[in-house]
Amino acid sequence: MEHRRLPVRPDLDQLRHQAKDLLRAIQRGEPAALAELQHYHREPVRPADAGLADAQLVLARSYQASSWPRLAQACQLADAIWDDDIETVRDLVTNNPTMLHEDVLIRRDSNWGPPMTYAANVGRDAIITMLRDLGATDFESAIGRAALQGRTSTVRMIHRWLGSPKPPKDALGGPAYTLNVAGTAILFELGARVYDDDGGRLAPVDVVLCSDSRSPTRKHGVLEQYERHGFVFPDTPVMALHRGRVDLLEAHLARDPGLLRRTFTHAEIFPPELGCGAYVDTQGTPLDGSTLLHMCVDWDEVAIAAWLLERGADANATAAVDVDGFGGHTPLFNAVVAYSHFWANYDSYGPPSRKDDAVFATMFLDRGADPNARASLRREIQQMGRGARVWHEHRDATPLAWGDRFPYKLLVSKRALAVVTERGGGR
């Protein structure tokens with residue numbers, strides 16, 4: 001049976017309500033609830049005899065906690081760290097010393113780590129120091145998470161405790177994934193390098209290009225840090241787009257007047273020589289065989305999209321069509337379904353990076369994009385929290401039909417659907 005997963009900052013009141021809901025489901029005889037009761041409870045319990053304590057135990061074990069009190073302690077510890085409540089943290093780990101070395105979120109797949117590492121994520125330096133004094137030893141994971149989150153004072157402090165070593169070869173990977181410029185800069189300050197002694201690439205450019213984070217400013221900033229410390233980027237139009245370098249795009253356009261109509265392969269978009277794989281999980285409207293204008297949507301490059309249109313890019317430019325007849329979509333399809341819409345739709349972890357304002361759909365329609373363009377598309381999708389991949393195929397779709405039927409709704413812009421409908425789009 002698949003375990004539940006505590007969120008980064010669990011809510012004990014919400015868990016109490018969840019336990020009550022589970023108890024009611026058990027007493028009603030709902031199959032899923034009965035299966036959980038049988039799987040997680042220590043002893044056989046008749047559904048009609050189950051009480052709140054039984055439901056709490058089942059719920060706790062489904063979150064990989066040994067008991068309801070242990071699950072409650074996890075919530076209290078997380079809250080205390082976020083609130084910078086050093087005394088509560090001290091009391092919790094003193095009363096239960098094993099918590100000092102167990103993941104705060106209990107689940108074994110959490111990368112937020114034990115209390116010291118968890119506190120490093122949010123820059124709670126006094127708590128980190130206290131935990132060190134109590135015997136915490138997770139210094140390496142703590143400094144890695146501090147860099148990933150851009151907690152520079154925390155990085156410097158733990159770095160001193162470790163004896164000021166050179167950062168490990170893979171140190172830049174954390175802030176590369178989160179596109180954290182400050183975290184990248186502090187690692188360079190401490191001695192991180194973009195190449196090893198033999199000229200091998202250490203800069204995780206592939207992580208930056210393939211990250212599911214979306215922030216053009218931060219992405220450009222991290223790549224700029226790499227260049228400042230000696231990394232040499234391929235001189236290609238797509239890399240100029242990745243870097244936000246309009247000056248380089250201008251130079252490419254001057255050399256290649258057909259650039260704005262040109263389509264690019266997956267390998268050109270995600271260069272294997274920089275470590276990118278054959279499959280990149282962007283999950284939205286396919287990028288393989290697309291133009292620079294299509295790509296702008298997935299990476300939220302609003303300014304560059306506007307620049308391309310001003311230079312004469314066609315809002316109805318079509319992507320390449322593969323041997324199975326899939327492709328041929330215009331940028332408006334991307335404006336409806338793209339990874340850049342994820343954080344505007346997903347509000348369970350912090351504020352969205354940008355609200356769903358349909359900026360690309362509006363921009364393309366204002367430039368003459370056909371709201372009833374048709375294309376056949378195929379996409380492999382792995383929805384969040386689900387292990388299996390599924391193929392979604394849609395022949396002869398309009399942008400509205402593509403968005404309506406796309407199964408991973410976090411990637412669909414509701415506002416873009418409305419705008420396309422207002423402009424005469426049909427299904």
# chains A, B, ... in the order shown; residues from 1 in each chain; ligands from 1
>>> residues_around(residues="A:Pro371", least_positions_apart="4", cutoff="7 Å", atoms="only C-alpha atoms", output="ChimeraX atom specification")
/A:399,420,423-425
>>> write_last_selection(atoms="C-alpha atoms", output="CSV table (one decimal), in the first residue's frame")
chain,number,residue,atom,x,y,z
A,399,PRO,CA,-5.8,24.7,-28.9
A,420,VAL,CA,-8.9,31.8,-26.8
A,423,ARG,CA,-11.3,35.3,-29.6
A,424,GLY,CA,-13.5,32.8,-31.4
A,425,GLY,CA,-11.7,29.6,-30.6
>>> residues_around(residues="stretch 127-129 of chain A", least_positions_apart="5", cutoff="10 Å", atoms="only C-alpha atoms", output="list of chain:residue names")
A:Ala80, A:Ile81, A:Asp84, A:Asp85, A:Ile86, A:Glu87, A:Val89, A:Arg90, A:Pro115, A:Met116, A:Thr117, A:Tyr118, A:Ala119, A:Ala120, A:Leu134, A:Ala136, A:Phe139, A:Ala142, A:Thr154, A:Met157, A:Ile158
>>> write_last_selection(atoms="N, CA and C atoms", output="PDB file, in the first residue's frame")
ATOM      1  N   ALA A  80       8.072  24.529  15.107  1.00  0.00           N
ATOM      2  CA  ALA A  80       9.024  25.228  15.972  1.00  0.00           C
ATOM      3  C   ALA A  80      10.228  25.730  15.170  1.00  0.00           C
ATOM      4  N   ILE A  81      10.688  24.930  14.203  1.00  0.00           N
ATOM      5  CA  ILE A  81      11.821  25.368  13.375  1.00  0.00           C
ATOM      6  C   ILE A  81      11.415  26.547  12.503  1.00  0.00           C
ATOM      7  N   ASP A  84      11.283  29.634  14.461  1.00  0.00           N
ATOM      8  CA  ASP A  84      12.561  29.956  15.129  1.00  0.00           C
ATOM      9  C   ASP A  84      12.423  29.867  16.651  1.00  0.00           C
ATOM     10  N   ASP A  85      11.660  28.890  17.101  1.00  0.00           N
ATOM     11  CA  ASP A  85      11.383  28.669  18.526  1.00  0.00           C
ATOM     12  C   ASP A  85      12.408  27.676  19.072  1.00  0.00           C
ATOM     13  N   ILE A  86      13.552  28.182  19.457  1.00  0.00           N
ATOM     14  CA  ILE A  86      14.669  27.327  19.833  1.00  0.00           C
ATOM     15  C   ILE A  86      14.364  26.478  21.063  1.00  0.00           C
ATOM     16  N   GLU A  87      13.608  27.020  22.016  1.00  0.00           N
ATOM     17  CA  GLU A  87      13.331  26.275  23.246  1.00  0.00           C
ATOM     18  C   GLU A  87      12.432  25.075  22.980  1.00  0.00           C
ATOM     19  N   VAL A  89      12.191  23.441  20.121  1.00  0.00           N
ATOM     20  CA  VAL A  89      13.021  22.470  19.411  1.00  0.00           C
ATOM     21  C   VAL A  89      13.898  21.713  20.408  1.00  0.00           C
ATOM     22  N   ARG A  90      14.506  22.453  21.331  1.00  0.00           N
ATOM     23  CA  ARG A  90      15.374  21.816  22.328  1.00  0.00           C
ATOM     24  C   ARG A  90      14.583  20.794  23.168  1.00  0.00           C
ATOM     25  N   PRO A 115      16.525  17.383  11.808  1.00  0.00           N
ATOM     26  CA  PRO A 115      16.300  18.764  12.280  1.00  0.00           C
ATOM     27  C   PRO A 115      17.350  19.784  11.847  1.00  0.00           C
ATOM     28  N   MET A 116      18.654  19.440  11.907  1.00  0.00           N
ATOM     29  CA  MET A 116      19.665  20.419  11.497  1.00  0.00           C
ATOM     30  C   MET A 116      19.519  20.772  10.020  1.00  0.00           C
ATOM     31  N   THR A 117      19.353  19.754   9.182  1.00  0.00           N
ATOM     32  CA  THR A 117      19.197  20.001   7.749  1.00  0.00           C
ATOM     33  C   THR A 117      17.905  20.746   7.466  1.00  0.00           C
ATOM     34  N   TYR A 118      16.826  20.346   8.143  1.00  0.00           N
ATOM     35  CA  TYR A 118      15.546  21.026   7.965  1.00  0.00           C
ATOM     36  C   TYR A 118      15.690  22.500   8.328  1.00  0.00           C
ATOM     37  N   ALA A 119      16.368  22.786   9.443  1.00  0.00           N
ATOM     38  CA  ALA A 119      16.559  24.174   9.869  1.00  0.00           C
ATOM     39  C   ALA A 119      17.444  24.940   8.891  1.00  0.00           C
ATOM     40  N   ALA A 120      18.396  24.241   8.248  1.00  0.00           N
ATOM     41  CA  ALA A 120      19.261  24.904   7.272  1.00  0.00           C
ATOM     42  C   ALA A 120      18.467  25.365   6.064  1.00  0.00           C
ATOM     43  N   LEU A 134      23.958  19.540  20.661  1.00  0.00           N
ATOM     44  CA  LEU A 134      23.263  18.377  21.209  1.00  0.00           C
ATOM     45  C   LEU A 134      23.672  17.070  20.530  1.00  0.00           C
ATOM     46  N   ALA A 136      23.911  16.649  16.782  1.00  0.00           N
ATOM     47  CA  ALA A 136      23.541  16.469  15.369  1.00  0.00           C
ATOM     48  C   ALA A 136      24.803  16.386  14.523  1.00  0.00           C
ATOM     49  N   PHE A 139      25.959  17.571   8.862  1.00  0.00           N
ATOM     50  CA  PHE A 139      26.503  18.842   8.375  1.00  0.00           C
ATOM     51  C   PHE A 139      26.484  18.935   6.852  1.00  0.00           C
ATOM     52  N   ALA A 142      23.074  19.462   5.514  1.00  0.00           N
ATOM     53  CA  ALA A 142      22.601  20.786   5.940  1.00  0.00           C
ATOM     54  C   ALA A 142      23.202  21.892   5.075  1.00  0.00           C
ATOM     55  N   THR A 154      24.082  30.732   6.622  1.00  0.00           N
ATOM     56  CA  THR A 154      24.087  29.365   7.109  1.00  0.00           C
ATOM     57  C   THR A 154      25.176  28.559   6.420  1.00  0.00           C
ATOM     58  N   MET A 157      28.556  29.515   7.929  1.00  0.00           N
ATOM     59  CA  MET A 157      28.716  29.019   9.291  1.00  0.00           C
ATOM     60  C   MET A 157      29.070  27.536   9.297  1.00  0.00           C
ATOM     61  N   ILE A 158      28.300  26.731   8.570  1.00  0.00           N
ATOM     62  CA  ILE A 158      28.568  25.290   8.562  1.00  0.00           C
ATOM     63  C   ILE A 158      29.890  24.999   7.860  1.00  0.00           C
TER      64      ILE A 158
END
>>> select_by_dssp(residues="stretch 119-335 of chain A", states="helix (DSSP H, G or I)", output="NGL selection string")
:A and (119-121 or 125-134 or 139-148 or 152-161 or 173-177 or 181-189 or 205-210 or 216-228 or 237-243 or 246-255 or 259-261 or 266-269 or 272-274 or 292-298 or 302-310 or 331-335)
>>> write_last_selection(atoms="C-alpha atoms", output="short mmCIF file (atom, residue, chain, number, x, y, z; two decimals), in the first residue's frame")
data_model
loop_
_atom_site.label_atom_id
_atom_site.label_comp_id
_atom_site.auth_asym_id
_atom_site.auth_seq_id
_atom_site.Cartn_x
_atom_site.Cartn_y
_atom_site.Cartn_z
CA ALA A 119 16.56 24.17 9.87
CA ALA A 120 19.26 24.90 7.27
CA ASN A 121 16.55 25.04 4.60
CA ASP A 125 21.24 29.49 12.51
CA ALA A 126 20.67 29.59 16.29
CA ILE A 127 18.68 26.36 16.13
CA ILE A 128 21.36 24.76 13.95
CA THR A 129 24.04 25.70 16.46
CA MET A 130 22.00 24.30 19.34
CA LEU A 131 21.40 21.04 17.46
CA ARG A 132 25.12 20.73 16.76
CA ASP A 133 25.81 21.12 20.47
CA LEU A 134 23.26 18.38 21.21
CA PHE A 139 26.50 18.84 8.38
CA GLU A 140 26.96 17.90 4.70
CA SER A 141 23.27 17.62 3.95
CA ALA A 142 22.60 20.79 5.94
CA ILE A 143 25.11 22.88 3.98
CA GLY A 144 23.79 21.44 0.72
CA ARG A 145 20.21 22.39 1.53
CA ALA A 146 21.28 25.83 2.77
CA ALA A 147 23.00 26.45 -0.59
CA LEU A 148 19.98 25.12 -2.48
CA THR A 152 24.33 32.23 2.59
CA SER A 153 25.02 32.95 6.27
CA THR A 154 24.09 29.37 7.11
CA VAL A 155 26.39 28.04 4.38
CA ARG A 156 29.31 30.11 5.70
CA MET A 157 28.72 29.02 9.29
CA ILE A 158 28.57 25.29 8.56
CA HIS A 159 31.48 25.61 6.13
CA ARG A 160 33.62 26.98 8.99
CA TRP A 161 32.55 24.12 11.25
CA GLY A 173 23.62 20.93 -8.36
CA GLY A 174 21.27 22.01 -5.55
CA PRO A 175 21.03 25.72 -6.36
CA ALA A 176 21.06 24.81 -10.06
CA TYR A 177 17.81 22.88 -9.62
CA VAL A 181 21.60 32.72 -7.75
CA ALA A 182 22.68 33.50 -4.18
CA GLY A 183 23.27 29.82 -3.44
CA THR A 184 25.34 29.47 -6.59
CA ALA A 185 27.36 32.59 -5.78
CA ILE A 186 28.23 31.49 -2.23
CA LEU A 187 29.51 28.16 -3.50
CA PHE A 188 31.77 29.92 -5.99
CA GLU A 189 32.94 32.16 -3.16
CA VAL A 205 24.18 23.31 -16.87
CA ASP A 206 21.91 20.35 -17.62
CA VAL A 207 20.21 20.72 -14.24
CA VAL A 208 19.51 24.39 -14.94
CA LEU A 209 18.15 23.72 -18.43
CA CYS A 210 16.03 20.75 -17.35
CA PRO A 216 13.81 33.51 -16.32
CA THR A 217 15.63 36.04 -14.16
CA ARG A 218 17.02 33.40 -11.81
CA LYS A 219 17.85 31.02 -14.64
CA HIS A 220 19.77 33.71 -16.49
CA GLY A 221 21.53 34.68 -13.26
CA VAL A 222 22.76 31.16 -12.53
CA LEU A 223 24.05 30.69 -16.08
CA GLU A 224 25.71 34.10 -15.89
CA GLN A 225 27.49 32.96 -12.72
CA TYR A 226 28.85 29.95 -14.60
CA GLU A 227 30.13 32.13 -17.45
CA ARG A 228 31.70 34.57 -14.98
CA PRO A 237 20.34 30.43 -30.77
CA VAL A 238 18.67 28.12 -28.26
CA MET A 239 21.47 28.62 -25.74
CA ALA A 240 21.12 32.37 -26.20
CA LEU A 241 17.44 31.95 -25.38
CA HIS A 242 18.24 29.85 -22.31
CA ARG A 243 20.60 32.59 -21.15
CA VAL A 246 18.91 39.16 -26.70
CA ASP A 247 22.24 40.54 -27.92
CA LEU A 248 23.34 37.06 -28.92
CA LEU A 249 19.97 36.39 -30.56
CA GLU A 250 20.40 39.61 -32.56
CA ALA A 251 23.77 38.34 -33.79
CA HIS A 252 22.31 34.95 -34.75
CA LEU A 253 19.43 36.63 -36.58
CA ALA A 254 21.86 38.80 -38.50
CA ARG A 255 23.73 35.68 -39.65
CA LEU A 259 16.12 31.88 -37.74
CA LEU A 260 12.64 32.99 -36.70
CA ARG A 261 11.04 30.23 -38.80
CA HIS A 266 15.38 17.94 -28.88
CA ALA A 267 19.18 17.64 -28.94
CA GLU A 268 19.52 21.26 -30.02
CA ILE A 269 17.17 22.41 -27.27
CA PRO A 272 23.64 16.11 -24.74
CA GLU A 273 27.18 17.53 -24.55
CA LEU A 274 25.98 19.56 -21.56
CA LEU A 292 12.11 29.73 -30.46
CA LEU A 293 8.66 31.25 -29.97
CA HIS A 294 7.22 27.92 -28.80
CA MET A 295 10.08 27.52 -26.33
CA CYS A 296 9.52 30.94 -24.80
CA VAL A 297 6.20 29.78 -23.37
CA ASP A 298 7.57 26.72 -21.59
CA VAL A 302 7.78 36.81 -21.97
CA ALA A 303 10.26 39.53 -22.92
CA ILE A 304 12.06 37.39 -25.50
CA ALA A 305 8.75 36.25 -27.00
CA ALA A 306 7.79 39.90 -27.47
CA TRP A 307 11.20 40.61 -29.02
CA LEU A 308 10.83 37.68 -31.47
CA LEU A 309 7.39 38.91 -32.57
CA GLU A 310 8.71 42.44 -33.03
CA PRO A 331 2.76 28.53 -30.18
CA LEU A 332 -0.85 29.05 -29.09
CA PHE A 333 -1.03 25.35 -28.18
CA ASN A 334 1.92 25.91 -25.83
CA ALA A 335 0.23 29.00 -24.43
#
>>> residues_around(residues="stretch 58-66 of chain A", least_positions_apart="6", cutoff="10 Å", atoms="only C-alpha atoms", output="PyMOL selection string")
chain A and resi 1-6+15-16+18-20+22-23+33+36-42+52+72-74+105-108
>>> atom_distance(atom1="atom CA of A:Leu172", atom2="atom CA of A:Thr265")
27.5 Å
